[in-house]
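Student: Sharing model.pdb (PDB, C-alpha atoms) below.
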ATOM      1  CA  MET A   1      24.720 -77.753 136.069
ATOM      2  CA  ARG A   2      22.436 -78.956 133.276
ATOM      3  CA  GLN A   3      21.528 -75.331 132.520
ATOM      4  CA  TRP A   4      25.194 -74.402 132.022
ATOM      5  CA  LEU A   5      25.773 -77.426 129.804
ATOM      6  CA  LYS A   6      22.933 -76.322 127.512
ATOM      7  CA  ILE A   7      24.218 -72.760 127.433
ATOM      8  CA  ILE A   8      27.823 -73.752 126.693
ATOM      9  CA  THR A   9      26.746 -76.274 124.028
ATOM     10  CA  GLY A  10      24.557 -73.657 122.351
ATOM     11  CA  LEU A  11      27.264 -70.995 122.528
ATOM     12  CA  CYS A  12      29.932 -73.293 121.118
ATOM     13  CA  THR A  13      27.687 -74.440 118.276
ATOM     14  CA  LEU A  14      26.812 -70.862 117.292
ATOM     15  CA  ILE A  15      30.419 -69.654 117.553
ATOM     16  CA  ILE A  16      31.688 -72.578 115.461
ATOM     17  CA  LEU A  17      29.043 -71.884 112.791
ATOM     18  CA  ASP A  18      30.118 -68.225 112.684
ATOM     19  CA  GLN A  19      33.806 -69.117 112.445
ATOM     20  CA  ILE A  20      33.218 -71.735 109.729
ATOM     21  CA  THR A  21      31.336 -69.200 107.587
ATOM     22  CA  LYS A  22      34.143 -66.652 108.065
ATOM     23  CA  LEU A  23      36.773 -69.236 107.154
ATOM     24  CA  TRP A  24      34.762 -70.064 104.038
ATOM     25  CA  ALA A  25      34.666 -66.347 103.182
ATOM     26  CA  ILE A  26      38.429 -66.038 103.598
ATOM     27  CA  LEU A  27      39.148 -69.108 101.466
ATOM     28  CA  GLN A  28      36.573 -68.468  98.736
ATOM     29  CA  LEU A  29      36.083 -64.713  98.600
ATOM     30  CA  ARG A  30      39.300 -62.939  99.621
ATOM     31  CA  GLY A  31      41.006 -61.637  96.518
ATOM     32  CA  ASN A  32      38.136 -62.764  94.288
ATOM     33  CA  ASN A  33      35.095 -61.095  92.791
ATOM     34  CA  PRO A  34      31.883 -61.147  94.840
ATOM     35  CA  ILE A  35      29.560 -64.119  94.391
ATOM     36  CA  SER A  36      26.044 -63.149  93.367
ATOM     37  CA  ILE A  37      23.402 -65.162  95.219
ATOM     38  CA  ILE A  38      20.356 -63.241  93.980
ATOM     39  CA  SER A  39      21.305 -60.946  91.114
ATOM     40  CA  GLY A  40      21.211 -57.304  92.159
ATOM     41  CA  VAL A  41      19.958 -58.211  95.635
ATOM     42  CA  LEU A  42      22.309 -60.409  97.660
ATOM     43  CA  GLU A  43      26.044 -61.070  97.299
ATOM     44  CA  PHE A  44      28.874 -62.645  99.194
ATOM     45  CA  HIS A  45      31.520 -59.927  99.205
ATOM     46  CA  TYR A  46      34.714 -60.153 101.309
ATOM     47  CA  VAL A  47      35.430 -57.200 103.613
ATOM     48  CA  GLU A  48      37.910 -56.796 106.465
ATOM     49  CA  ASN A  49      36.179 -54.581 109.038
ATOM     50  CA  ARG A  50      38.538 -52.926 111.504
ATOM     51  CA  GLY A  51      35.720 -50.975 113.116
ATOM     52  CA  ALA A  52      32.320 -51.572 114.647
ATOM     53  CA  ALA A  53      28.894 -51.836 113.047
ATOM     54  CA  PHE A  54      28.741 -50.107 109.666
ATOM     55  CA  GLY A  55      32.521 -49.616 109.817
ATOM     56  CA  ILE A  56      32.429 -46.860 112.439
ATOM     57  CA  MET A  57      35.319 -46.288 114.861
ATOM     58  CA  GLN A  58      38.009 -47.874 112.677
ATOM     59  CA  ASN A  59      41.152 -49.371 114.258
ATOM     60  CA  ARG A  60      39.992 -49.290 117.880
ATOM     61  CA  GLN A  61      40.319 -53.031 118.530
ATOM     62  CA  TRP A  62      41.206 -52.728 122.235
ATOM     63  CA  PHE A  63      38.094 -50.633 122.833
ATOM     64  CA  PHE A  64      35.915 -53.282 121.156
ATOM     65  CA  LEU A  65      37.592 -56.065 123.109
ATOM     66  CA  LEU A  66      36.961 -54.210 126.366
ATOM     67  CA  ILE A  67      33.292 -53.645 125.503
ATOM     68  CA  THR A  68      32.927 -57.332 124.587
ATOM     69  CA  VAL A  69      34.449 -58.468 127.885
ATOM     70  CA  VAL A  70      32.091 -56.152 129.815
ATOM     71  CA  VAL A  71      29.041 -57.421 127.885
ATOM     72  CA  LEU A  72      30.081 -61.040 128.439
ATOM     73  CA  GLY A  73      30.595 -60.331 132.148
ATOM     74  CA  ILE A  74      27.085 -58.917 132.436
ATOM     75  CA  LEU A  75      25.646 -61.908 130.570
ATOM     76  CA  LEU A  76      27.523 -64.369 132.789
ATOM     77  CA  TRP A  77      26.234 -62.520 135.842
ATOM     78  CA  MET A  78      22.641 -62.609 134.541
ATOM     79  CA  MET A  79      22.376 -66.180 133.247
ATOM     80  CA  PRO A  80      22.376 -68.002 136.602
ATOM     81  CA  ARG A  81      19.804 -65.533 137.930
ATOM     82  CA  ILE A  82      17.268 -66.328 135.219
ATOM     83  CA  PRO A  83      14.808 -68.969 136.422
ATOM     84  CA  GLU A  84      14.956 -72.330 134.694
ATOM     85  CA  ASN A  85      11.447 -72.425 133.292
ATOM     86  CA  ARG A  86       9.740 -72.063 129.953
ATOM     87  CA  HIS A  87       8.645 -68.479 130.600
ATOM     88  CA  TYR A  88      12.259 -67.275 130.446
ATOM     89  CA  ARG A  89      13.418 -69.427 127.523
ATOM     90  CA  GLY A  90      13.188 -66.557 125.019
ATOM     91  CA  LEU A  91      15.292 -64.324 127.239
ATOM     92  CA  LYS A  92      17.954 -67.022 127.621
ATOM     93  CA  ILE A  93      18.060 -67.657 123.881
ATOM     94  CA  CYS A  94      18.458 -63.936 123.163
ATOM     95  CA  LEU A  95      21.268 -63.580 125.691
ATOM     96  CA  CYS A  96      22.985 -66.689 124.300
ATOM     97  CA  LEU A  97      22.799 -65.284 120.753
ATOM     98  CA  ILE A  98      24.233 -61.948 121.885
ATOM     99  CA  ALA A  99      27.089 -63.738 123.664
ATOM    100  CA  ALA A 100      27.812 -65.946 120.632
ATOM    101  CA  GLY A 101      27.876 -62.958 118.299
ATOM    102  CA  ALA A 102      30.129 -61.007 120.643
ATOM    103  CA  VAL A 103      32.548 -63.921 121.024
ATOM    104  CA  GLY A 104      32.525 -64.688 117.282
ATOM    105  CA  ASN A 105      33.608 -61.173 116.398
ATOM    106  CA  MET A 106      35.993 -61.023 119.377
ATOM    107  CA  ILE A 107      37.804 -64.099 118.049
ATOM    108  CA  ASP A 108      38.338 -62.276 114.756
ATOM    109  CA  ARG A 109      39.605 -59.157 116.507
ATOM    110  CA  ILE A 110      42.068 -61.121 118.632
ATOM    111  CA  PHE A 111      43.454 -63.457 115.960
ATOM    112  CA  ARG A 112      43.045 -61.437 112.754
ATOM    113  CA  LYS A 113      42.978 -57.827 114.038
ATOM    114  CA  TYR A 114      39.811 -57.308 111.973
ATOM    115  CA  VAL A 115      36.341 -58.838 111.620
ATOM    116  CA  VAL A 116      35.513 -60.814 108.483
ATOM    117  CA  ASP A 117      32.287 -59.577 106.888
ATOM    118  CA  PHE A 118      30.882 -61.105 103.717
ATOM    119  CA  ILE A 119      27.071 -60.820 103.426
ATOM    120  CA  TYR A 120      26.015 -57.837 101.321
ATOM    121  CA  PHE A 121      22.480 -56.693 100.417
ATOM    122  CA  ARG A 122      23.250 -54.837  97.191
ATOM    123  CA  LEU A 123      19.591 -53.918  96.629
ATOM    124  CA  ILE A 124      19.592 -51.470  99.549
ATOM    125  CA  ASP A 125      23.388 -50.996  99.708
ATOM    126  CA  PHE A 126      23.368 -52.225 103.312
ATOM    127  CA  PRO A 127      26.802 -52.458 104.984
ATOM    128  CA  VAL A 128      28.500 -55.849 104.658
ATOM    129  CA  PHE A 129      27.990 -58.067 107.729
ATOM    130  CA  ASN A 130      28.543 -61.619 109.005
ATOM    131  CA  VAL A 131      26.775 -64.426 110.874
ATOM    132  CA  ALA A 132      27.822 -63.109 114.320
ATOM    133  CA  ASP A 133      26.261 -59.749 113.410
ATOM    134  CA  ILE A 134      23.042 -61.569 112.536
ATOM    135  CA  TYR A 135      23.034 -63.223 115.972
ATOM    136  CA  VAL A 136      23.414 -59.874 117.739
ATOM    137  CA  THR A 137      20.935 -57.973 115.574
ATOM    138  CA  VAL A 138      18.176 -60.595 115.571
ATOM    139  CA  SER A 139      18.514 -61.226 119.295
ATOM    140  CA  ALA A 140      18.509 -57.501 120.098
ATOM    141  CA  VAL A 141      15.270 -57.013 118.130
ATOM    142  CA  LEU A 142      13.682 -60.070 119.773
ATOM    143  CA  LEU A 143      14.863 -58.893 123.182
ATOM    144  CA  ILE A 144      13.201 -55.510 122.675
ATOM    145  CA  ILE A 145       9.964 -57.215 121.621
ATOM    146  CA  LEU A 146      10.082 -59.523 124.655
ATOM    147  CA  VAL A 147      10.801 -56.695 127.077
ATOM    148  CA  VAL A 148       8.097 -54.429 125.671
ATOM    149  CA  PHE A 149       5.327 -56.963 125.040
ATOM    150  CA  TYR A 150       5.972 -60.193 126.943
ATOM    151  CA  TYR A 151       7.854 -59.758 130.183
ATOM    152  CA  LYS A 152       6.459 -57.776 133.094
ATOM    153  CA  ASP A 153       8.270 -55.754 135.745
ATOM    154  CA  GLU A 154       7.935 -58.592 138.231
ATOM    155  CA  ASP A 155       9.720 -60.963 135.813
ATOM    156  CA  PHE A 156      12.786 -58.745 135.962
ATOM    157  CA  GLU A 157      12.478 -58.210 139.708
ATOM    158  CA  ILE A 158      12.894 -61.976 140.104
ATOM    159  CA  ILE A 159      16.077 -61.894 138.012
ATOM    160  CA  PHE A 160      17.705 -58.817 139.473
ATOM    161  CA  SER A 161      16.854 -59.493 143.120
ATOM    162  CA  LYS A 162      17.898 -63.149 143.015
ATOM    163  CA  ARG A 163      21.106 -64.075 144.777
ATOM    164  CA  ALA A 164      23.322 -66.452 142.805
TER     165      ALA A 164
END
Let me see whether you can do it: turn the structure in this file into C-alpha cells.
Tutor:
Amino acid sequence: MRQWLKIITGLCTLIILDQITKLWAILQLRGNNPISIISGVLEFHYVENRGAAFGIMQNRQWFFLLITVVVLGILLWMMPRIPENRHYRGLKICLCLIAAGAVGNMIDRIFRKYVVDFIYFRLIDFPVFNVADIYVTVSAVLLIILVVFYYKDEDFEIIFSKRA
C-alpha cells in the first residue's frame, strides 16, 4: 500500500506540474510573440500540436488516446511486480515519469483536442515540446541506459515471472 501511495503522489505531482506549465503557456503565450529566454537559443513559443512527437500523424487523437491507455495498462501491470528495494528504484522512477508524461498529454488531448507545446530550441530548430514530453524523453533515455548497463536478465526474470 505504501508503494502505491508513493507512486500516486509522484504521478500527481508531475502531472500537476505539467498542467500548470501548459496553463501558463496558454495564458501568457497564446496570441502573443514568443518569449526569448536565451537569445537565439531558447524561447517559449505557443504551439497547438494535434499530432504526435514532432507533429507527425496530425488529427489522430483517438489513436493517441488508445496508445496511451495501452501504455498505462502495461505500466500498471508492471509496477506491482517490481520488487520494493533500492536496486529497482531507477526503473520505478522511469516508469513513473513515462506514465506522468503520457497522462499529461492525454489530459490535453481529451479536454483541448490538442497538446500544448511551448519550449523551443531555436538554435537547432528543434520541434516545440512541453514538460510531459521531457518526462517521457528523459525517462526513455535513462531506461535504455539502465537496461543496457545496469540491470541483468535475472532482474527482469524476477519482474516478469512474479505473480501479483
Student: Here is a test: counting all atoms listed in the file, which residue of A:Tyr46, A:Gln19, A:Val138, A:Lys152 is nearest to Gly31 in chain A?
Tutor: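 Of A:Tyr46, A:Gln19, A:Val138, A:Lys152, the one nearest Gly31 in chain A, counting all atoms listed in the file, is A:Tyr46.
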Student: Kindly indicate which residue among A:Val116, A:Leu5, A:Ile38, A:Met106 lies nearest to Ile67 in chain A, using all atoms listed in the file for the distances.
Tutor: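 The closest residue to Ile67 in chain A is A:Met106.
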Student: What's around Arg81 in chain A at 12 Å? Count all atoms listed in the file, leave out sequence neighbours fewer than 4 positions away in its own chain, and write the answer as a PyMOL selection string.
Tutor: chain A and resi 3-4+74-77+85+88+91-92+155-164
Student: Identify the residues within 12 Å of coordinate (27.8, -70.8, 122.1) (same frame as the file), considering all atoms listed in the file, and give the answer as JSON, numbers by chain.
Tutor: {"A": [4, 5, 6, 7, 8, 9, 10, 11, 12, 13, 14, 15, 16, 17, 18, 19, 72, 92, 93, 94, 95, 96, 97, 98, 99, 100, 101, 102, 103, 104, 132, 135]}
Student: Using Å and a single decimal, report how far CA of Ile107 in chain A sits from CA of Ile82 in chain A.
Tutor: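 Going from CA of Ile82 in chain A over to CA of Ile107 in chain A, I get 26.9 Å.
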Student: Kindly give the distance, in Å, that separates CA of Asn105 in chain A and CA of Phe44 in chain A, rounded to a single decimal.
Tutor: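 Computed distance, CA of Asn105 in chain A to CA of Phe44 in chain A, equals 17.9 Å.
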Student: Hey, can I get the axis-aligned box for range 145-149 of chain A? All listed atoms, 5 Å padding on each side, centre and edge lengths in Å to one decimal, as lines of an AutoDock Vina configuration file.
Tutor:
center_x = 8.1
center_y = -57.0
center_z = 124.3
size_x = 15.5
size_y = 15.1
size_z = 15.5
Student: Determine the residue set returned by the PyMOL selection byres ((chain A and resi 48) around 10) for the present structure, and present it as a PyMOL selection string.
Tutor: chain A and resi 26+30+46-47+49-51+55+108+112-118+128
Student: Between CA of Arg109 in chain A and CA of Leu65 in chain A, what is the spacing in Å?
Tutor: 7.6 Å
Student: When distances are computed from all atoms listed in the file, which of A:Lys22, A:Leu142, A:Leu29, A:Val71 shows the smallest separation from Gly90 in chain A?
Tutor: A:Leu142
Student: Using all atoms listed in the file, can you tell me which of A:Ile124, A:Ile134, A:Asp153, A:Ile119 comes closest to Ser36 in chain A?
Tutor: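 Answer, going by the shortest atom-to-atom distance: A:Ile119.
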Student: Because the input lacks atoms here, generate all heavy atoms for range 146-157 of chain A and report them as a short mmCIF file (atom, residue, chain, number, x, y, z; two decimals), in the coordinates of the input.
Tutor:
data_model
loop_
_atom_site.label_atom_id
_atom_site.label_comp_id
_atom_site.auth_asym_id
_atom_site.auth_seq_id
_atom_site.Cartn_x
_atom_site.Cartn_y
_atom_site.Cartn_z
N LEU A 146 10.40 -58.81 123.42
CA LEU A 146 10.08 -59.52 124.66
C LEU A 146 9.93 -58.57 125.84
O LEU A 146 9.00 -58.71 126.63
CB LEU A 146 11.17 -60.56 124.97
CG LEU A 146 11.21 -61.80 124.08
CD1 LEU A 146 12.46 -62.62 124.36
CD2 LEU A 146 9.95 -62.63 124.27
N VAL A 147 10.84 -57.63 125.95
CA VAL A 147 10.80 -56.70 127.08
C VAL A 147 9.56 -55.80 127.00
O VAL A 147 8.91 -55.54 128.01
CB VAL A 147 12.09 -55.86 127.14
CG1 VAL A 147 11.96 -54.69 128.10
CG2 VAL A 147 13.28 -56.74 127.52
N VAL A 148 9.23 -55.35 125.82
CA VAL A 148 8.10 -54.43 125.67
C VAL A 148 6.75 -55.14 125.76
O VAL A 148 5.82 -54.64 126.39
CB VAL A 148 8.21 -53.64 124.34
CG1 VAL A 148 6.95 -52.83 124.06
CG2 VAL A 148 9.43 -52.73 124.36
N PHE A 149 6.64 -56.34 125.16
CA PHE A 149 5.33 -56.96 125.04
C PHE A 149 5.10 -58.24 125.85
O PHE A 149 3.96 -58.65 126.03
CB PHE A 149 5.03 -57.29 123.57
CG PHE A 149 4.98 -56.08 122.69
CD1 PHE A 149 6.00 -55.82 121.79
CD2 PHE A 149 3.93 -55.18 122.78
CE1 PHE A 149 5.96 -54.70 120.97
CE2 PHE A 149 3.87 -54.06 121.97
CZ PHE A 149 4.89 -53.81 121.08
N TYR A 150 6.15 -58.88 126.31
CA TYR A 150 5.97 -60.19 126.94
C TYR A 150 6.28 -60.18 128.44
O TYR A 150 5.46 -60.60 129.24
CB TYR A 150 6.82 -61.23 126.21
CG TYR A 150 6.67 -62.63 126.71
CD1 TYR A 150 5.48 -63.34 126.51
CD2 TYR A 150 7.69 -63.27 127.39
CE1 TYR A 150 5.33 -64.65 126.97
CE2 TYR A 150 7.57 -64.57 127.86
CZ TYR A 150 6.38 -65.24 127.65
OH TYR A 150 6.24 -66.53 128.11
N TYR A 151 7.46 -59.73 128.78
CA TYR A 151 7.85 -59.76 130.18
C TYR A 151 7.26 -58.57 130.94
O TYR A 151 7.08 -57.50 130.38
CB TYR A 151 9.38 -59.78 130.33
CG TYR A 151 9.98 -61.07 129.83
CD1 TYR A 151 10.82 -61.08 128.72
CD2 TYR A 151 9.71 -62.28 130.45
CE1 TYR A 151 11.37 -62.27 128.25
CE2 TYR A 151 10.25 -63.47 129.98
CZ TYR A 151 11.08 -63.45 128.89
OH TYR A 151 11.61 -64.61 128.43
N LYS A 152 7.01 -58.81 132.20
CA LYS A 152 6.46 -57.78 133.09
C LYS A 152 7.55 -57.35 134.07
O LYS A 152 8.57 -58.01 134.23
CB LYS A 152 5.25 -58.33 133.87
CG LYS A 152 4.18 -58.98 133.01
CD LYS A 152 3.46 -57.97 132.17
CE LYS A 152 2.37 -58.62 131.35
NZ LYS A 152 2.48 -58.46 129.95
N ASP A 153 7.29 -56.25 134.77
CA ASP A 153 8.27 -55.75 135.74
C ASP A 153 8.65 -56.82 136.76
O ASP A 153 9.81 -56.97 137.12
CB ASP A 153 7.73 -54.52 136.48
CG ASP A 153 7.67 -53.30 135.59
OD1 ASP A 153 8.34 -53.29 134.53
OD2 ASP A 153 6.96 -52.34 135.96
N GLU A 154 7.65 -57.58 137.21
CA GLU A 154 7.94 -58.59 138.23
C GLU A 154 8.84 -59.72 137.71
O GLU A 154 9.56 -60.34 138.48
CB GLU A 154 6.65 -59.16 138.85
CG GLU A 154 5.61 -59.63 137.88
CD GLU A 154 4.63 -58.53 137.43
OE1 GLU A 154 4.82 -57.35 137.76
OE2 GLU A 154 3.68 -58.88 136.71
N ASP A 155 8.81 -59.97 136.39
CA ASP A 155 9.72 -60.96 135.81
C ASP A 155 11.17 -60.53 135.99
O ASP A 155 12.04 -61.35 136.28
CB ASP A 155 9.43 -61.17 134.32
CG ASP A 155 8.07 -61.79 134.06
OD1 ASP A 155 7.63 -62.62 134.88
OD2 ASP A 155 7.45 -61.44 133.04
N PHE A 156 11.42 -59.25 135.82
CA PHE A 156 12.79 -58.74 135.96
C PHE A 156 13.17 -58.57 137.42
O PHE A 156 14.35 -58.70 137.77
CB PHE A 156 12.95 -57.45 135.18
CG PHE A 156 12.85 -57.68 133.70
CD1 PHE A 156 11.73 -57.28 133.00
CD2 PHE A 156 13.87 -58.33 133.01
CE1 PHE A 156 11.63 -57.52 131.63
CE2 PHE A 156 13.77 -58.58 131.66
CZ PHE A 156 12.64 -58.17 130.97
N GLU A 157 12.19 -58.30 138.26
CA GLU A 157 12.48 -58.21 139.71
C GLU A 157 13.00 -59.55 140.22
O GLU A 157 13.91 -59.60 141.04
CB GLU A 157 11.23 -57.78 140.48
CG GLU A 157 10.86 -56.33 140.27
CD GLU A 157 9.51 -55.96 140.87
OE1 GLU A 157 8.94 -56.77 141.63
OE2 GLU A 157 9.03 -54.86 140.55
#
